[in-house]
>>> print(open('final33.txt').read())   # compact mmCIF, C-alpha atoms
# COMPACT_ATOMS: atom_id res chain seq x y z
CA MET V 173 -26.03 13.70 -2.02
CA PHE V 174 -24.57 14.86 1.29
CA ARG V 175 -27.51 13.44 3.26
CA PHE V 176 -27.17 10.15 1.40
CA LEU V 177 -23.46 9.99 2.25
CA LEU V 178 -24.16 10.67 5.91
CA PHE V 179 -26.83 7.95 5.91
CA PHE V 180 -24.39 5.52 4.25
CA ILE V 181 -21.71 6.31 6.84
CA PHE V 182 -24.25 5.89 9.64
CA LEU V 183 -25.37 2.54 8.21
CA CYS V 184 -21.82 1.25 7.92
CA THR V 185 -20.67 2.43 11.32
CA THR V 186 -23.70 1.32 13.30
CA LEU V 187 -24.86 -1.91 11.70
CA PHE V 188 -21.71 -3.47 10.24
CA ALA V 189 -18.73 -1.72 11.84
CA ASP V 190 -17.61 -4.75 13.81
CA GLU V 191 -17.26 -6.70 10.56
CA LEU V 192 -15.71 -4.10 8.27
CA ILE V 193 -12.12 -4.65 9.38
CA LYS V 194 -10.55 -8.09 9.52
CA PRO V 195 -7.23 -9.11 11.11
CA ILE V 196 -4.37 -10.09 8.82
CA PRO V 197 -4.07 -13.89 8.58
CA LEU V 198 -1.15 -15.21 10.58
CA HIS V 199 0.22 -17.17 7.62
CA VAL V 200 0.15 -16.98 3.85
CA SER V 201 0.64 -19.83 1.40
CA VAL V 202 3.79 -19.41 -0.71
CA ASN V 203 6.31 -21.42 -2.68
CA THR V 204 9.22 -21.08 -0.27
CA THR V 205 11.94 -21.81 -2.82
CA LYS V 206 10.57 -19.25 -5.27
CA ALA V 207 10.21 -16.72 -2.47
CA LYS V 208 13.87 -17.11 -1.50
CA LEU V 209 14.90 -16.45 -5.09
CA GLY V 210 12.48 -13.51 -5.21
CA LYS V 211 14.03 -12.04 -2.08
CA GLN V 212 17.49 -12.25 -3.65
CA LEU V 213 16.17 -10.41 -6.71
CA PHE V 214 14.29 -7.85 -4.60
CA PHE V 215 17.59 -6.66 -3.15
CA ASP V 216 19.62 -6.90 -6.38
CA THR V 217 20.57 -3.60 -8.05
CA ARG V 218 21.42 -5.45 -11.26
CA LEU V 219 17.76 -5.27 -12.11
CA SER V 220 18.33 -1.62 -12.99
CA HIS V 221 20.17 -0.38 -16.08
CA ASP V 222 22.98 1.35 -14.18
CA ASN V 223 23.12 -1.13 -11.28
CA THR V 224 22.07 1.46 -8.71
CA ILE V 225 18.40 0.74 -7.99
CA ALA V 226 16.78 -2.35 -6.49
CA CYS V 227 13.17 -2.98 -5.52
CA VAL V 228 14.17 -2.30 -1.92
CA SER V 229 15.42 1.17 -2.89
CA CYS V 230 11.84 2.43 -3.09
CA HIS V 231 10.33 -0.19 -0.78
CA ASN V 232 12.67 -0.09 2.18
CA LEU V 233 11.57 -2.79 4.60
CA SER V 234 12.91 -0.83 7.56
CA LEU V 235 10.90 2.25 6.54
CA GLY V 236 7.46 0.72 6.50
CA GLY V 237 7.98 -0.83 3.07
CA ALA V 238 8.19 2.62 1.44
CA ASP V 239 11.08 5.08 1.16
CA ALA V 240 10.26 8.09 3.39
CA THR V 241 10.53 10.58 0.50
CA MET V 242 7.83 12.66 -1.19
CA VAL V 243 8.51 10.92 -4.50
CA SER V 244 10.94 8.15 -5.35
CA PHE V 245 14.15 8.51 -7.36
CA GLY V 246 15.31 6.09 -10.01
CA VAL V 247 18.34 5.62 -12.25
CA ALA V 248 20.60 8.64 -12.71
CA GLY V 249 18.69 10.41 -9.95
CA ARG V 250 15.56 10.73 -12.08
CA SER V 251 12.57 11.87 -10.06
CA GLY V 252 9.25 10.11 -10.08
CA THR V 253 5.92 11.88 -9.73
CA LEU V 254 4.18 9.81 -7.04
CA ASN V 255 4.81 8.69 -3.50
CA SER V 256 5.92 5.08 -3.22
CA PRO V 257 3.19 2.87 -1.67
CA THR V 258 4.20 0.36 0.96
CA VAL V 259 5.02 -3.14 -0.24
CA TYR V 260 3.88 -4.63 3.06
CA ASN V 261 0.56 -6.49 2.88
CA SER V 262 0.30 -5.68 -0.84
CA ILE V 263 -0.99 -9.20 -1.41
CA TYR V 264 -4.29 -7.94 0.03
CA ASN V 265 -4.61 -4.97 -2.36
CA ILE V 266 -7.44 -4.91 -4.87
CA ALA V 267 -4.84 -3.82 -7.44
CA GLN V 268 -1.33 -2.39 -7.53
CA PHE V 269 -0.14 1.21 -8.13
CA TRP V 270 -2.18 4.27 -7.17
CA ASP V 271 -4.22 4.02 -10.36
CA GLY V 272 -4.65 0.25 -10.12
CA ARG V 273 -3.15 -0.40 -13.54
CA SER V 274 -1.76 -3.77 -12.43
CA THR V 275 -4.12 -6.37 -11.05
CA THR V 276 -1.51 -8.74 -9.59
CA LEU V 277 1.82 -8.54 -7.78
CA HIS V 278 3.40 -10.41 -10.70
CA GLU V 279 2.20 -7.83 -13.19
CA GLN V 280 3.25 -4.95 -10.94
CA ALA V 281 6.80 -6.21 -10.50
CA SER V 282 7.70 -5.60 -14.14
CA GLY V 283 6.49 -1.99 -14.05
CA PRO V 284 9.44 -0.41 -12.19
CA ILE V 285 11.97 -2.63 -14.01
CA LEU V 286 10.86 -1.39 -17.43
CA ASN V 287 10.02 2.18 -16.41
CA PRO V 288 12.64 4.58 -17.89
CA VAL V 289 12.53 6.77 -14.78
CA GLU V 290 12.80 3.96 -12.24
CA MET V 291 15.03 1.02 -13.30
CA ASN V 292 15.14 1.63 -17.06
CA SER V 293 15.97 -1.97 -17.94
CA ASN V 294 14.63 -4.55 -20.41
CA GLU V 295 14.37 -8.31 -20.69
CA LYS V 296 17.45 -8.78 -22.88
CA GLU V 297 19.64 -6.77 -20.51
CA LEU V 298 18.31 -8.65 -17.47
CA ILE V 299 18.96 -12.06 -19.01
CA THR V 300 22.49 -11.06 -19.98
CA LYS V 301 23.34 -9.75 -16.52
CA LEU V 302 21.79 -12.49 -14.43
CA SER V 303 23.08 -15.28 -16.67
CA LYS V 304 26.61 -14.32 -15.68
CA ASN V 305 25.79 -15.45 -12.15
CA PRO V 306 25.98 -19.28 -11.87
CA ASP V 307 23.88 -19.20 -8.72
CA TYR V 308 21.02 -17.47 -10.53
CA VAL V 309 21.33 -19.79 -13.53
CA GLN V 310 21.05 -22.87 -11.32
CA LYS V 311 18.15 -21.53 -9.25
CA PHE V 312 16.10 -20.40 -12.22
CA LYS V 313 16.75 -23.65 -14.07
CA SER V 314 15.54 -25.68 -11.10
CA LEU V 315 12.34 -23.64 -10.76
CA TYR V 316 11.39 -22.68 -14.31
CA LYS V 317 11.79 -24.72 -17.47
CA GLU V 318 12.28 -21.49 -19.46
CA GLY V 319 15.08 -20.33 -17.16
CA ILE V 320 15.77 -16.61 -16.74
CA THR V 321 13.15 -14.42 -18.39
CA LEU V 322 11.32 -11.24 -17.39
CA HIS V 323 8.31 -13.41 -16.59
CA THR V 324 10.20 -15.74 -14.26
CA ILE V 325 12.08 -12.87 -12.60
CA THR V 326 8.87 -11.05 -11.75
CA ASP V 327 7.13 -14.29 -10.77
CA ALA V 328 9.79 -14.95 -8.14
CA ILE V 329 9.69 -11.37 -6.87
CA ALA V 330 5.91 -11.54 -6.55
CA GLU V 331 6.19 -14.79 -4.59
CA TYR V 332 8.57 -13.09 -2.15
CA GLU V 333 6.27 -10.09 -1.81
CA LYS V 334 3.48 -12.42 -0.70
CA THR V 335 5.54 -13.12 2.42
CA LEU V 336 5.71 -9.42 3.35
CA ILE V 337 2.72 -9.42 5.66
CA THR V 338 2.58 -7.76 9.08
CA PRO V 339 0.10 -9.68 11.25
CA ASN V 340 -0.55 -9.48 14.98
CA SER V 341 -0.84 -5.75 15.39
CA ARG V 342 -2.34 -4.76 18.71
CA PHE V 343 -5.53 -3.89 16.85
CA ASP V 344 -5.61 -7.34 15.23
CA LYS V 345 -5.31 -8.87 18.67
CA PHE V 346 -8.18 -6.65 19.77
CA LEU V 347 -10.27 -7.87 16.83
CA ARG V 348 -9.47 -11.46 17.77
CA GLY V 349 -10.95 -10.94 21.20
CA ASN V 350 -8.22 -9.48 23.41
CA LYS V 351 -10.05 -6.37 24.58
CA ASN V 352 -7.05 -5.33 26.69
CA ALA V 353 -4.84 -5.03 23.60
CA LEU V 354 -5.95 -1.38 23.30
CA ASN V 355 -6.12 1.16 26.08
CA ASN V 356 -9.19 3.33 26.62
CA LYS V 357 -7.95 6.29 24.55
CA GLU V 358 -7.07 4.01 21.65
CA LYS V 359 -10.52 2.43 21.85
CA GLU V 360 -12.04 5.91 21.81
CA GLY V 361 -9.93 6.65 18.75
CA TYR V 362 -11.31 3.57 17.03
CA MET V 363 -14.88 4.60 17.83
CA LEU V 364 -14.21 8.07 16.42
CA PHE V 365 -12.64 6.48 13.34
CA LYS V 366 -15.92 4.63 12.82
CA ASN V 367 -18.28 7.42 13.81
CA TYR V 368 -16.69 10.04 11.56
CA GLY V 369 -16.94 7.62 8.64
CA CYS V 370 -13.24 6.91 8.02
CA ILE V 371 -14.13 3.23 8.05
CA SER V 372 -16.39 3.59 5.03
CA CYS V 373 -13.25 3.64 2.84
CA HIS V 374 -10.61 2.22 5.16
CA ASN V 375 -11.89 -1.28 5.82
CA GLY V 376 -11.14 -4.90 4.99
CA VAL V 377 -8.00 -6.85 5.85
CA ASN V 378 -5.73 -4.03 4.69
CA ILE V 379 -7.86 -1.26 6.21
CA GLY V 380 -7.88 0.27 2.74
CA SER V 381 -6.49 -0.70 -0.67
CA ASN V 382 -9.69 -2.54 -1.53
CA MET V 383 -11.43 0.22 -3.49
CA PHE V 384 -10.85 3.37 -5.52
CA GLN V 385 -12.12 6.69 -4.24
CA GLN V 386 -12.19 10.23 -5.50
CA PHE V 387 -9.54 12.38 -3.86
CA GLY V 388 -11.46 15.49 -2.92
CA ILE V 389 -15.15 14.65 -2.57
CA PHE V 390 -16.04 17.90 -0.80
CA ALA V 391 -13.11 20.08 -1.87
CA SER V 392 -10.14 19.96 -4.22
CA LYS V 393 -6.59 19.88 -2.91
CA GLU V 394 -5.03 21.77 -5.81
CA LYS V 395 -1.71 19.96 -6.24
CA SER V 396 -3.12 16.53 -5.49
CA HIS V 397 -6.13 17.15 -7.70
CA SER V 398 -3.92 17.46 -10.78
CA TYR V 399 -3.32 13.68 -10.72
CA LEU V 400 -5.96 11.97 -12.88
CA GLY V 401 -5.55 8.61 -11.15
CA ARG V 402 -7.83 5.81 -12.28
CA TYR V 403 -8.78 7.82 -15.40
CA ASN V 404 -5.30 7.08 -16.78
CA VAL V 405 -6.32 3.42 -16.95
CA THR V 406 -10.00 3.50 -17.88
CA LYS V 407 -10.25 6.83 -19.79
CA LEU V 408 -13.71 7.21 -18.25
CA GLN V 409 -14.66 10.72 -17.10
CA ARG V 410 -16.23 9.35 -13.94
CA ASP V 411 -12.84 7.95 -12.88
CA LYS V 412 -11.01 11.27 -12.92
CA HIS V 413 -9.08 11.86 -9.67
CA PHE V 414 -10.00 8.44 -8.30
CA VAL V 415 -7.06 6.71 -6.60
CA LYS V 416 -6.66 3.47 -4.73
CA VAL V 417 -7.50 4.06 -1.08
CA PRO V 418 -4.20 3.50 0.75
CA THR V 419 -3.78 0.91 3.45
CA LEU V 420 -3.59 2.18 7.02
CA ARG V 421 -1.50 -0.79 8.14
CA ASN V 422 1.78 0.48 9.71
CA ILE V 423 0.67 3.97 8.65
CA ASP V 424 2.77 5.84 11.20
CA LYS V 425 5.89 4.37 9.57
CA THR V 426 5.13 5.38 5.98
CA ALA V 427 5.19 9.20 6.01
CA PRO V 428 4.91 11.32 3.93
CA TYR V 429 1.29 10.72 3.03
CA PHE V 430 -1.05 10.70 0.03
CA HIS V 431 -0.20 9.85 -3.56
CA ASP V 432 1.81 13.05 -3.92
CA GLY V 433 3.64 12.69 -0.60
CA SER V 434 2.59 16.23 0.31
CA VAL V 435 1.86 15.72 4.02
CA LYS V 436 4.45 14.76 6.62
CA SER V 437 2.27 14.55 9.72
CA LEU V 438 -0.24 11.79 10.40
CA ALA V 439 -2.38 14.22 12.39
CA LYS V 440 -2.40 16.63 9.45
CA ALA V 441 -3.36 13.79 7.12
CA VAL V 442 -6.37 12.97 9.32
CA GLU V 443 -7.35 16.64 9.39
CA ILE V 444 -7.18 16.87 5.59
CA MET V 445 -9.20 13.70 5.17
CA GLY V 446 -11.90 15.20 7.33
CA THR V 447 -12.05 18.32 5.19
CA TYR V 448 -11.68 16.87 1.72
CA GLN V 449 -13.26 13.44 2.06
CA LEU V 450 -15.85 13.88 4.81
CA GLY V 451 -16.71 17.56 4.48
CA MET V 452 -16.20 18.34 8.15
CA GLU V 453 -13.67 19.82 10.52
CA ILE V 454 -12.56 17.16 12.99
CA PRO V 455 -11.65 18.70 16.38
CA LYS V 456 -7.97 18.42 17.28
CA LYS V 457 -8.76 16.43 20.42
CA ASP V 458 -10.52 13.83 18.27
CA ILE V 459 -7.72 13.81 15.72
CA LYS V 460 -5.28 13.06 18.53
CA LYS V 461 -7.33 10.05 19.61
CA ILE V 462 -7.71 8.78 16.05
CA VAL V 463 -3.94 9.00 15.62
CA LEU V 464 -3.48 7.00 18.82
CA PHE V 465 -5.69 4.32 17.29
CA LEU V 466 -3.72 4.39 14.04
CA HIS V 467 -0.54 3.65 15.97
CA THR V 468 -2.07 0.34 17.05
CA LEU V 469 -2.03 -0.84 13.41
CA ASN V 470 1.71 -1.59 13.43
CA GLY V 471 2.13 -5.31 12.93
CA GLU V 472 4.97 -7.79 13.29
CA LEU V 473 7.55 -7.44 10.54
CA PRO V 474 8.53 -10.53 8.52
CA ASN V 475 11.62 -12.45 9.53
CA ALA V 476 14.60 -10.79 7.86
CA ASN V 477 16.39 -14.12 7.37
>>> encode(input="final33.txt", output="structure tokens")
Amino acid sequence: MFRFLLFFIFLCTTLFADELIKPIPLHVSVNTTKAKLGKQLFFDTRLSHDNTIACVSCHNLSLGGADATMVSFGVAGRSGTLNSPTVYNSIYNIAQFWDGRSTTLHEQASGPILNPVEMNSNEKELITKLSKNPDYVQKFKSLYKEGITLHTITDAIAEYEKTLITPNSRFDKFLRGNKNALNNKEKEGYMLFKNYGCISCHNGVNIGSNMFQQFGIFASKEKSHSYLGRYNVTKLQRDKHFVKVPTLRNIDKTAPYFHDGSVKSLAKAVEIMGTYQLGMEIPKKDIKKIVLFLHTLNGELPNAN
């Protein structure tokens, strides 16, 4: 098994490495009017039962699209159990949530609203609240024949989230042909990223988030290993402890790391990945270079207006 994995990593990193990561497209097709309404809803605490939590509470756009805490907190200070994934570039995810239980942004948007720990609301309450706002009534009526419903609320939010892409990172510019976009140490970091096999899971447009992988292939990280991940959705034994591989886009802005938020340092996260996912101890000098490469993945943030 180990020899096969090494062969697979070698194959990926030598034959196809130049094609495994793609730059984020510079533009995405959206319904602008819906997206503007979705943005208004994304920042509106009235979507929660006690009017204290908005989508942006756990997906702070100034904190890498996450919330910089180990786990997120919802209504009445209730504590969640998982680290909040970034909302940036989520349009390129294979699925949403760590266990992939939602296949679209639209489907995902209703999850936190209905979750008793997060927003603890329901459709009837949402319609009652938002219908008191003439601006919302007019906007929903002009966009949706059914007006304000849970479906139309989450549809608008999902349309806004499509706009939350971060293109033109220095690494994207490098991929597009500007070889001076990275310095020599950053280029070395990228080569190490490929040669150690990180790229076998962290690839595609989002440099991750396009597959599920077992957390702890070569060893079990006790606390993290208690999360059943994909098994919660499929109930298949083979899916136990499989989680969606996180994106590495803007990764230095989204600490703490992993689904349990247990690691604060990006260097420590790389070290752990070497041990648990690759079965090797990556030298600190190489970790430092890989981290330098990871810093080049910060893209341009969407226009706040």
>>> closest_residue(input="final33.txt", among="V:Phe245, V:Tyr448, V:Phe465, V:Phe269", to="Phe390 of chain V", atoms="only C-alpha atoms")
V:Tyr448
>>> closest_residue(input="final33.txt", among="V:Leu408, V:Val377, V:Met383, V:Ile320", to="Asp344 of chain V", atoms="only C-alpha atoms")
V:Val377
>>> residues_around(input="final33.txt", residues="Gly376 of chain V", least_positions_apart="6", cutoff="8 Å", atoms="all atoms listed in the file", output="mmCIF file with C-alpha atoms, in the frame of the given file")
data_model
loop_
_atom_site.group_PDB
_atom_site.id
_atom_site.type_symbol
_atom_site.label_atom_id
_atom_site.label_comp_id
_atom_site.auth_asym_id
_atom_site.auth_seq_id
_atom_site.Cartn_x
_atom_site.Cartn_y
_atom_site.Cartn_z
ATOM 1 C CA LEU V 192 -15.710 -4.100 8.270
ATOM 2 C CA ILE V 193 -12.120 -4.650 9.380
ATOM 3 C CA LYS V 194 -10.550 -8.090 9.520
ATOM 4 C CA ASN V 382 -9.690 -2.540 -1.530
#
>>> atom_distance(input="final33.txt", atom1="atom CA of Val415 of chain V", atom2="atom CA of Asn287 of chain V")
20.2 Å
>>> atom_distance(input="final33.txt", atom1="atom CA of Ala207 of chain V", atom2="atom CA of Thr324 of chain V")
11.8 Å
>>> atom_distance(input="final33.txt", atom1="atom CA of Lys412 of chain V", atom2="atom CA of Leu400 of chain V")
5.1 Å
>>> residues_around(input="final33.txt", residues="Lys440 of chain V", least_positions_apart="4", cutoff="10 Å", atoms="only C-alpha atoms", output="PyMOL selection string")
chain V and resi 429+435-436+444-446+456+459+463
>>> residues_around(input="final33.txt", residues="Tyr260 of chain V", least_positions_apart="4", cutoff="10 Å", atoms="all atoms listed in the file", output="PyMOL selection string")
chain V and resi 231-233+236-238+264+333-338+378+419+421-422+473-474
>>> write_last_selection(input="final33.txt", atoms="C-alpha atoms", output="PDB file, keeping the file's coordinate frame")
ATOM      1  CA  HIS V 231      10.330  -0.190  -0.780  1.00  0.00           C
ATOM      2  CA  ASN V 232      12.670  -0.090   2.180  1.00  0.00           C
ATOM      3  CA  LEU V 233      11.570  -2.790   4.600  1.00  0.00           C
ATOM      4  CA  GLY V 236       7.460   0.720   6.500  1.00  0.00           C
ATOM      5  CA  GLY V 237       7.980  -0.830   3.070  1.00  0.00           C
ATOM      6  CA  ALA V 238       8.190   2.620   1.440  1.00  0.00           C
ATOM      7  CA  TYR V 264      -4.290  -7.940   0.030  1.00  0.00           C
ATOM      8  CA  GLU V 333       6.270 -10.090  -1.810  1.00  0.00           C
ATOM      9  CA  LYS V 334       3.480 -12.420  -0.700  1.00  0.00           C
ATOM     10  CA  THR V 335       5.540 -13.120   2.420  1.00  0.00           C
ATOM     11  CA  LEU V 336       5.710  -9.420   3.350  1.00  0.00           C
ATOM     12  CA  ILE V 337       2.720  -9.420   5.660  1.00  0.00           C
ATOM     13  CA  THR V 338       2.580  -7.760   9.080  1.00  0.00           C
ATOM     14  CA  ASN V 378      -5.730  -4.030   4.690  1.00  0.00           C
ATOM     15  CA  THR V 419      -3.780   0.910   3.450  1.00  0.00           C
ATOM     16  CA  ARG V 421      -1.500  -0.790   8.140  1.00  0.00           C
ATOM     17  CA  ASN V 422       1.780   0.480   9.710  1.00  0.00           C
ATOM     18  CA  LEU V 473       7.550  -7.440  10.540  1.00  0.00           C
ATOM     19  CA  PRO V 474       8.530 -10.530   8.520  1.00  0.00           C
TER      20      PRO V 474
END
>>> closest_residue(input="final33.txt", among="V:Glu360, V:Asp432, V:Asp239, V:Glu331", to="Phe214 of chain V", atoms="only C-alpha atoms")
V:Glu331
>>> closest_residue(input="final33.txt", among="V:Phe215, V:Tyr316, V:Phe343, V:Tyr399", to="Ile379 of chain V", atoms="only C-alpha atoms")
V:Phe343
>>> decode(input="final33.txt", residues="segment 263-289 of chain V", atoms="N, CA, C and O atoms", output="mmCIF file, in the first residue's frame")
data_model
loop_
_atom_site.group_PDB
_atom_site.id
_atom_site.type_symbol
_atom_site.label_atom_id
_atom_site.label_comp_id
_atom_site.auth_asym_id
_atom_site.auth_seq_id
_atom_site.Cartn_x
_atom_site.Cartn_y
_atom_site.Cartn_z
ATOM 1 N N ILE V 263 -17.593 28.474 -4.335
ATOM 2 C CA ILE V 263 -18.247 28.066 -5.578
ATOM 3 C C ILE V 263 -17.473 26.941 -6.270
ATOM 4 O O ILE V 263 -18.032 26.156 -7.048
ATOM 5 N N TYR V 264 -16.184 26.811 -5.978
ATOM 6 C CA TYR V 264 -15.361 25.798 -6.619
ATOM 7 C C TYR V 264 -15.236 24.517 -5.789
ATOM 8 O O TYR V 264 -14.495 23.603 -6.165
ATOM 9 N N ASN V 265 -15.952 24.436 -4.669
ATOM 10 C CA ASN V 265 -15.912 23.236 -3.834
ATOM 11 C C ASN V 265 -16.698 22.101 -4.475
ATOM 12 O O ASN V 265 -17.742 22.331 -5.095
ATOM 13 N N ILE V 266 -16.247 20.881 -4.269
ATOM 14 C CA ILE V 266 -16.990 19.722 -4.740
ATOM 15 C C ILE V 266 -18.313 19.585 -3.997
ATOM 16 O O ILE V 266 -19.305 19.081 -4.532
ATOM 17 N N ALA V 267 -18.335 20.021 -2.749
ATOM 18 C CA ALA V 267 -19.531 20.009 -1.908
ATOM 19 C C ALA V 267 -19.276 20.972 -0.755
ATOM 20 O O ALA V 267 -18.167 21.497 -0.595
ATOM 21 N N GLN V 268 -20.303 21.213 0.049
ATOM 22 C CA GLN V 268 -20.175 22.165 1.154
ATOM 23 C C GLN V 268 -20.227 21.423 2.496
ATOM 24 O O GLN V 268 -20.775 20.332 2.585
ATOM 25 N N PHE V 269 -19.667 22.048 3.526
ATOM 26 C CA PHE V 269 -19.482 21.464 4.861
ATOM 27 C C PHE V 269 -18.336 20.451 4.815
ATOM 28 O O PHE V 269 -17.994 19.911 3.764
ATOM 29 N N TRP V 270 -17.765 20.179 5.979
ATOM 30 C CA TRP V 270 -16.634 19.260 6.070
ATOM 31 C C TRP V 270 -17.016 17.849 5.621
ATOM 32 O O TRP V 270 -16.190 17.128 5.067
ATOM 33 N N ASP V 271 -18.265 17.467 5.877
ATOM 34 C CA ASP V 271 -18.680 16.121 5.482
ATOM 35 C C ASP V 271 -19.362 16.083 4.116
ATOM 36 O O ASP V 271 -19.812 15.038 3.664
ATOM 37 N N GLY V 272 -19.454 17.233 3.464
ATOM 38 C CA GLY V 272 -20.008 17.292 2.117
ATOM 39 C C GLY V 272 -21.495 17.011 2.034
ATOM 40 O O GLY V 272 -21.993 16.591 0.987
ATOM 41 N N ARG V 273 -22.222 17.288 3.107
ATOM 42 C CA ARG V 273 -23.645 16.926 3.126
ATOM 43 C C ARG V 273 -24.503 17.812 2.230
ATOM 44 O O ARG V 273 -25.646 17.462 1.932
ATOM 45 N N SER V 274 -23.988 18.958 1.816
ATOM 46 C CA SER V 274 -24.706 19.804 0.863
ATOM 47 C C SER V 274 -23.910 19.868 -0.433
ATOM 48 O O SER V 274 -22.704 20.108 -0.412
ATOM 49 N N THR V 275 -24.606 19.680 -1.537
ATOM 50 C CA THR V 275 -23.900 19.633 -2.818
ATOM 51 C C THR V 275 -23.830 20.985 -3.513
ATOM 52 O O THR V 275 -23.054 21.152 -4.455
ATOM 53 N N THR V 276 -24.632 21.956 -3.056
ATOM 54 C CA THR V 276 -24.637 23.276 -3.689
ATOM 55 C C THR V 276 -24.576 24.372 -2.625
ATOM 56 O O THR V 276 -24.911 24.144 -1.456
ATOM 57 N N LEU V 277 -24.186 25.562 -3.059
ATOM 58 C CA LEU V 277 -24.194 26.712 -2.158
ATOM 59 C C LEU V 277 -25.611 27.016 -1.679
ATOM 60 O O LEU V 277 -25.824 27.403 -0.527
ATOM 61 N N HIS V 278 -26.580 26.861 -2.562
ATOM 62 C CA HIS V 278 -27.980 27.117 -2.213
ATOM 63 C C HIS V 278 -28.426 26.195 -1.089
ATOM 64 O O HIS V 278 -29.021 26.621 -0.095
ATOM 65 N N GLU V 279 -28.108 24.932 -1.222
ATOM 66 C CA GLU V 279 -28.484 23.957 -0.197
ATOM 67 C C GLU V 279 -27.763 24.236 1.112
ATOM 68 O O GLU V 279 -28.338 24.130 2.196
ATOM 69 N N GLN V 280 -26.495 24.608 1.024
ATOM 70 C CA GLN V 280 -25.711 24.879 2.231
ATOM 71 C C GLN V 280 -26.248 26.058 3.009
ATOM 72 O O GLN V 280 -26.248 26.055 4.240
ATOM 73 N N ALA V 281 -26.728 27.076 2.317
ATOM 74 C CA ALA V 281 -27.123 28.323 2.987
ATOM 75 C C ALA V 281 -28.229 28.127 4.007
ATOM 76 O O ALA V 281 -28.312 28.873 4.992
ATOM 77 N N SER V 282 -29.084 27.132 3.808
ATOM 78 C CA SER V 282 -30.173 26.914 4.758
ATOM 79 C C SER V 282 -29.701 26.191 6.021
ATOM 80 O O SER V 282 -30.343 26.275 7.069
ATOM 81 N N GLY V 283 -28.572 25.488 5.924
ATOM 82 C CA GLY V 283 -28.080 24.708 7.059
ATOM 83 C C GLY V 283 -27.891 25.520 8.328
ATOM 84 O O GLY V 283 -28.502 25.226 9.368
ATOM 85 N N PRO V 284 -27.059 26.565 8.301
ATOM 86 C CA PRO V 284 -26.855 27.373 9.508
ATOM 87 C C PRO V 284 -28.122 28.080 9.979
ATOM 88 O O PRO V 284 -28.329 28.259 11.186
ATOM 89 N N ILE V 285 -28.986 28.493 9.055
ATOM 90 C CA ILE V 285 -30.212 29.206 9.429
ATOM 91 C C ILE V 285 -31.111 28.314 10.277
ATOM 92 O O ILE V 285 -31.672 28.749 11.291
ATOM 93 N N LEU V 286 -31.215 27.046 9.913
ATOM 94 C CA LEU V 286 -32.112 26.127 10.601
ATOM 95 C C LEU V 286 -31.450 25.407 11.777
ATOM 96 O O LEU V 286 -32.145 24.853 12.631
ATOM 97 N N ASN V 287 -30.124 25.423 11.810
ATOM 98 C CA ASN V 287 -29.400 24.704 12.862
ATOM 99 C C ASN V 287 -29.668 25.330 14.231
ATOM 100 O O ASN V 287 -29.467 26.527 14.425
ATOM 101 N N PRO V 288 -30.122 24.541 15.224
ATOM 102 C CA PRO V 288 -30.455 25.092 16.540
ATOM 103 C C PRO V 288 -29.266 25.680 17.290
ATOM 104 O O PRO V 288 -29.454 26.527 18.176
ATOM 105 N N VAL V 289 -28.060 25.273 16.941
ATOM 106 C CA VAL V 289 -26.871 25.813 17.591
ATOM 107 C C VAL V 289 -26.415 27.099 16.923
ATOM 108 O O VAL V 289 -25.909 28.009 17.578
#
